[in-house]
Structure formats: structure tokens, C-alpha cells
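Q: I have a structure here, written as C-alpha cells, and I will follow up with some questions on it.
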Amino acid sequence: MKRQTNYKKVIIKIGSSSLVNDDLSINQPVLILIMQAFKKLSDEGIQPCLVTSGAIAVGMHDLQISEKPKNMGLKQACAAVGQAKLMEYYNKCASIYGLTLGQILVNHDDFQIRKRMTHLSDTLDNMFKKGIIPVINENDALSVDEIKVGDNDTLAGLIAPMIGADLLILFSDIDGLYDADPKKNPDAKLIEEVDRIDQNILKFVGDTSSGVGTGGMKTKIDAAVICTTAGSDMMICNSAEIGNLAEIVAGERKGTLFKRSKGINSREHWIIFKTNSSGEITVDDGLKTALLSKKVSILPSGIKKVEGTFGKGSVVEVKDGEGKTIGKGISAYSDFEIDKIMGKKSDEISSILGYEGKSEVIHANDLVIFKEEFYGRFVK
Ligand code: GLU
């Protein structure tokens, strides 16, 4: 059945296994199909954008390395070689259709540090205005654990709302999200539409211990949470369908559609999904009850404990007495200062610290309290 769609900007993510052959050489026909489909979209007035993997795999091929290197430096060398080769091939295929591509390599700091995020968004915006198709990957040659996004499903989930994409399509080796593992259960049914990601949906995700083992779905569902809450639809489709991209975008092909659910503002979205926390503060039971029931700030009097080393303006996790994360927010004080003022009244702050600071350690506007059933998945 055809769905009615009106998508104007579309981002697709394609994984390494769909881009390389068994010997890890580039699968050029797939790249041609992508560019052909992009041309068709462009002709229909729809702006495409690509998040591509494959850098490490292609680099391994060129450097004749058969197993994924455990050595970080060697893996990064593979990415440096592979990324350049990938772009060479993408450009070759794009030129057949008269398309211009531009490469963007990012890591987590490009989202976490707001100034960098603004620059990233500005660059992408200018590329779209000039009709350039962005080809995005993690900057694997320089990314280390502390600063990397880690996987391209999540990366695409972060980019989609940033560029104002109406739709993100994650191409995968299966048709979408099933209600059971289709490899083991012939009666497994494809879930064609998801209005809201909740526990009922999470139980179909393979990587969770209670899941039914559909495998590889966790990062895709995470990406769906990230982009649907910021106003983009997301689909999971089979990568064998890549040549039918325009038809997918027109609502004529099957997959799982996760519908947008603009539930949070951009500041909250940044705090939840784009920042890593530098520390933790633990609140007492009275403050916890208040935080869970209404929009309130965290005052020093309700803080029991502070952990981590962080400065003013850092994002920290808010924990309850049992160590459960109940929220995340921007701290107006360093860990050192909180250690001195916790348990005290706000009007004592200036005499303790020797300067006139804010009454709140985390202001209500800088704070997101997790609704367990929805954001719980992101709580470590
Ligand atoms: N950025 C990695 C690469 O290009 C792939 C990450 C992923 O597959 O999610 O090799």
C-alpha cells in the first residue's frame, strides 16, 4: 500500500557490509545505484545527504589486512586510506550523473561543543544551498573512544534533525524491525509503522537481553529515538532496495517507519543526546520527588554527593540515593564548589565561595528529567 509522503530533504545511511565485496574491495555497482537514486531525487526537488561507512573496511583491503586491527593506530591508518579511496569512487560515480559531493568527517565533539555544532550546521546548510550532496562519516582516522560517536546509525540520527531532514533511511541487511527473529521464526512479522518507541517496541530489539534476537537493531532504535524526538521520520529498509530509493521516499516500498514525535525542545535534545557527562550529583529523596513531579531547579540544599572532576557549564548526570540516573543537566558550579556548598542554603553560597553565584546548581531550564519508559534506554 502506498503511503502519502511529502519529504523534501532525505538522509540515507549505508553500512560497510553493503558497500564492500567479500574481499573488502569497493562494491562499485552499489555506489552507482546510490548516485543514480540521488540524481532521481534531485530531479524531483528532494535534497539527498549520505552517511557512509566503509572507510576501515576499504582501507583494510588496500593495505591487505584481513582481520580488523585491534591496534587503534593501525585501524586509524586503514580509515585514512579507506576514506580517501571511498571518496574517489563516490566522486567517480557522482560525476556520471553530474552530481557534486562534499566530504564531512565528524566526531562527537562536533555535537557536544555548541560552537562546533553551529559551524557544522552552517557548513551543511551552505552545501545544500549550493546543491552539493554531503557525504558524511565519523573522522575515524583521528577518533578515539573518548571523542567518537561510535557508530554511523547514531551519527545519522544526530545529523538528520540538524540538517532539517524530513526522513532518515537506515539501510540494513534486513527489511526492518520484526516482532520476532525472522531467521529463526517463519511467522515473524515486519512492523511497518511505529508511532512511539516504548517498552513494547524495545522488546523486539535484538541486542537487549530480553530481546528476541533480531540482531544489530539496538543502534538503529537509538537513532530512531534521537531523530524522531527532534522532528525527523526514520525508516529501516533492506539495502537490496537501495536502487529504489526514490520509491521508498515516495512511500511505495516496505520497511519499518518510525514516525516523528517532536516531544522535546532543541536544548533538551542537546543535553540528552549530544553531550557526554563529566560527573554526577546525587540528590536527596525530597528533591527527587519534587524533580519527578514538577519543573524545579536543583538547589545546593538537596544535593548529597558530587562525583567527577568538572568545571562550570559542564553536563552532569543527576542520580538518586540508589545510584539510578534520573536526569542530566548543565551545572552552574564546578565539582569543587558543589562539594563546599552541598547541603547548604542558597543564601549561604556567597559567604562560602566568596562570590555572588547563582542560587541554583542546575537551573530547571538546564535540566532534563528522564521519563523512565522513554529515555531509560540512554541511562547508563
Ligand atoms: N565509520 C566506520 C567506517 O567508516 C563505520 C562505523 C559503522 O559502521 O557504524 O569504517
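Please note that chains go A, B, ... in the order of the C-alpha cells, that every chain numbers its residues from 1, and that ligands are numbered from 1 in the order shown.
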Determine, counting only C-alpha atoms, which protein, DNA and RNA residues have an atom within 6 Å of an atom of region 7-13 of chain A; residues of the same chain fewer than 6 positions away are not included. Present the result as a PyMOL selection string.
A: chain A and resi 46-52+165-170
Q: Determine, counting only C-alpha atoms, which protein, DNA and RNA residues have an atom within 7 Å of an atom of region 238-254 of chain A; residues of the same chain fewer than 3 positions away are not included. Present the result as JSON, numbers by chain.
A: {"A": [1, 2, 3, 4, 5, 7, 18, 33, 34, 37, 40, 41, 171, 172, 173, 174, 175, 176]}
Q: Pull C-alpha atoms from the residues just selected and write them as a short mmCIF file (atom, residue, chain, number, x, y, z; two decimals), in the first residue's frame.
A:
```cif
data_model
loop_
_atom_site.label_atom_id
_atom_site.label_comp_id
_atom_site.auth_asym_id
_atom_site.auth_seq_id
_atom_site.Cartn_x
_atom_site.Cartn_y
_atom_site.Cartn_z
CA MET A 1 0.00 0.00 0.00
CA LYS A 2 1.34 3.45 -0.90
CA ARG A 3 1.75 5.92 1.95
CA GLN A 4 1.32 9.63 1.29
CA THR A 5 4.65 11.40 1.76
CA TYR A 7 9.67 14.58 2.06
CA SER A 18 26.57 -3.16 1.81
CA LEU A 33 22.94 2.80 -7.67
CA ILE A 34 23.18 5.32 -4.82
CA ALA A 37 18.96 7.32 -6.99
CA LYS A 40 16.42 10.95 -9.41
CA LEU A 41 15.65 12.53 -6.03
CA PHE A 171 19.79 0.65 5.02
CA SER A 172 20.30 -2.69 6.67
CA ASP A 173 20.64 -6.38 5.84
CA ILE A 174 17.03 -6.99 6.90
CA ASP A 175 13.74 -5.42 5.80
CA GLY A 176 13.10 -3.62 9.08
#
```
Q: What residues have any atom no more than 10 Å from ligand 1 when counting only C-alpha atoms and all ligand atoms, and can you list them as an MDAnalysis selection string?
A: chainID A and resid 13:17 51:60 75:76 78:80 82:83 86 105:107 136:141 143 148:156 219
Q: What's around region 222-232 of chain A at 9 Å? Count only C-alpha atoms, leave out sequence neighbours fewer than 4 positions away in its own chain, and write the answer as a tab-separated table (two decimals) with N, CA and C atoms, in the first residue's frame.
A:
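Listed below is the output, selection_20.tsv:
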```tsv
chain	number	residue	atom	x	y	z
A	153	ASP	N	24.88	4.62	12.66
A	153	ASP	CA	23.42	4.74	12.84
A	153	ASP	C	23.17	5.96	13.73
A	154	THR	N	23.88	5.98	14.87
A	154	THR	CA	23.73	7.10	15.82
A	154	THR	C	24.14	8.41	15.15
A	155	LEU	N	25.26	8.37	14.42
A	155	LEU	CA	25.73	9.58	13.75
A	155	LEU	C	24.65	10.13	12.80
A	156	ALA	N	24.05	9.23	12.03
A	156	ALA	CA	22.99	9.67	11.11
A	156	ALA	C	21.79	10.20	11.89
A	157	GLY	N	21.50	9.58	13.04
A	157	GLY	CA	20.38	10.04	13.89
A	157	GLY	C	20.63	11.45	14.40
A	158	LEU	N	21.89	11.79	14.66
A	158	LEU	CA	22.24	13.13	15.15
A	158	LEU	C	22.20	14.16	14.02
A	159	ILE	N	22.66	13.73	12.84
A	159	ILE	CA	22.74	14.66	11.71
A	159	ILE	C	21.34	14.99	11.15
A	160	ALA	N	20.46	14.00	11.11
A	160	ALA	CA	19.15	14.18	10.45
A	160	ALA	C	18.42	15.44	10.92
A	161	PRO	N	18.18	15.59	12.25
A	161	PRO	CA	17.46	16.82	12.64
A	161	PRO	C	18.31	18.07	12.44
A	162	MET	N	19.63	17.94	12.53
A	162	MET	CA	20.50	19.12	12.36
A	162	MET	C	20.33	19.73	10.98
A	164	GLY	N	17.69	19.38	9.20
A	164	GLY	CA	16.25	19.54	8.93
A	164	GLY	C	15.74	18.48	7.97
A	165	ALA	N	16.33	17.27	8.05
A	165	ALA	CA	15.86	16.19	7.17
A	165	ALA	C	14.46	15.75	7.60
A	166	ASP	N	13.60	15.52	6.62
A	166	ASP	CA	12.26	15.02	6.94
A	166	ASP	C	12.32	13.53	7.20
A	167	LEU	N	13.32	12.88	6.57
A	167	LEU	CA	13.38	11.43	6.64
A	167	LEU	C	14.83	10.95	6.67
A	168	LEU	N	15.11	10.02	7.59
A	168	LEU	CA	16.40	9.31	7.60
A	168	LEU	C	16.09	7.86	7.24
A	196	ARG	N	5.33	5.36	18.35
A	196	ARG	CA	6.06	5.80	19.53
A	196	ARG	C	6.96	4.66	19.99
A	197	ILE	N	8.21	4.98	20.31
A	197	ILE	CA	9.13	3.93	20.76
A	197	ILE	C	8.95	3.76	22.27
A	217	MET	N	19.92	-4.31	15.92
A	217	MET	CA	18.84	-3.32	15.90
A	217	MET	C	19.05	-2.20	16.92
A	218	LYS	N	19.84	-2.46	17.94
A	218	LYS	CA	19.90	-1.51	19.05
A	218	LYS	C	20.29	-0.10	18.58
A	258	PHE	N	9.44	4.82	11.53
A	258	PHE	CA	9.30	5.37	12.88
A	258	PHE	C	8.86	6.82	12.70
A	259	LYS	N	7.66	7.13	13.22
A	259	LYS	CA	7.13	8.47	12.97
A	259	LYS	C	7.68	9.50	13.95
A	260	ARG	N	7.88	10.69	13.44
A	260	ARG	CA	8.41	11.77	14.29
A	260	ARG	C	7.44	12.09	15.43
A	261	SER	N	8.00	12.56	16.54
A	261	SER	CA	7.13	12.80	17.70
A	261	SER	C	7.64	14.00	18.48
A	262	LYS	N	7.94	15.06	17.80
A	262	LYS	CA	8.53	16.27	18.38
A	262	LYS	C	8.12	16.51	19.83
A	263	GLY	N	8.77	15.82	20.76
A	263	GLY	CA	8.36	15.93	22.14
A	263	GLY	C	9.25	16.82	22.99
A	264	ILE	N	10.45	17.12	22.52
A	264	ILE	CA	11.39	17.88	23.35
A	264	ILE	C	12.00	19.03	22.55
A	265	ASN	N	12.39	20.09	23.28
A	265	ASN	CA	12.96	21.22	22.56
A	265	ASN	C	14.45	20.99	22.25
A	266	SER	N	15.05	21.89	21.46
A	266	SER	CA	16.40	21.61	20.97
A	266	SER	C	17.45	21.64	22.10
A	269	HIS	N	17.15	18.36	23.76
A	269	HIS	CA	17.69	17.35	22.84
A	269	HIS	C	19.23	17.33	22.91
A	273	PHE	N	21.05	13.94	24.15
A	273	PHE	CA	21.65	13.08	23.13
A	273	PHE	C	23.03	13.52	22.65
A	374	PHE	N	10.78	6.05	28.47
A	374	PHE	CA	11.15	6.58	27.15
A	374	PHE	C	12.65	6.79	27.02
A	375	TYR	N	13.23	7.48	27.97
A	375	TYR	CA	14.65	7.79	27.85
A	375	TYR	C	15.50	6.80	28.61
A	377	ARG	N	16.49	4.06	28.17
A	377	ARG	CA	17.45	3.35	27.33
A	377	ARG	C	18.81	4.04	27.27
A	378	PHE	N	18.77	5.36	27.50
A	378	PHE	CA	20.04	6.09	27.39
A	378	PHE	C	20.73	6.26	28.73
```
Q: Mind giving me the straight-line distance from CA of His363 (chain A) to CA of Thr118 (chain A) in Å, one decimal?
A: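 Separation between CA of His363 (chain A) and CA of Thr118 (chain A): 23.5 Å.
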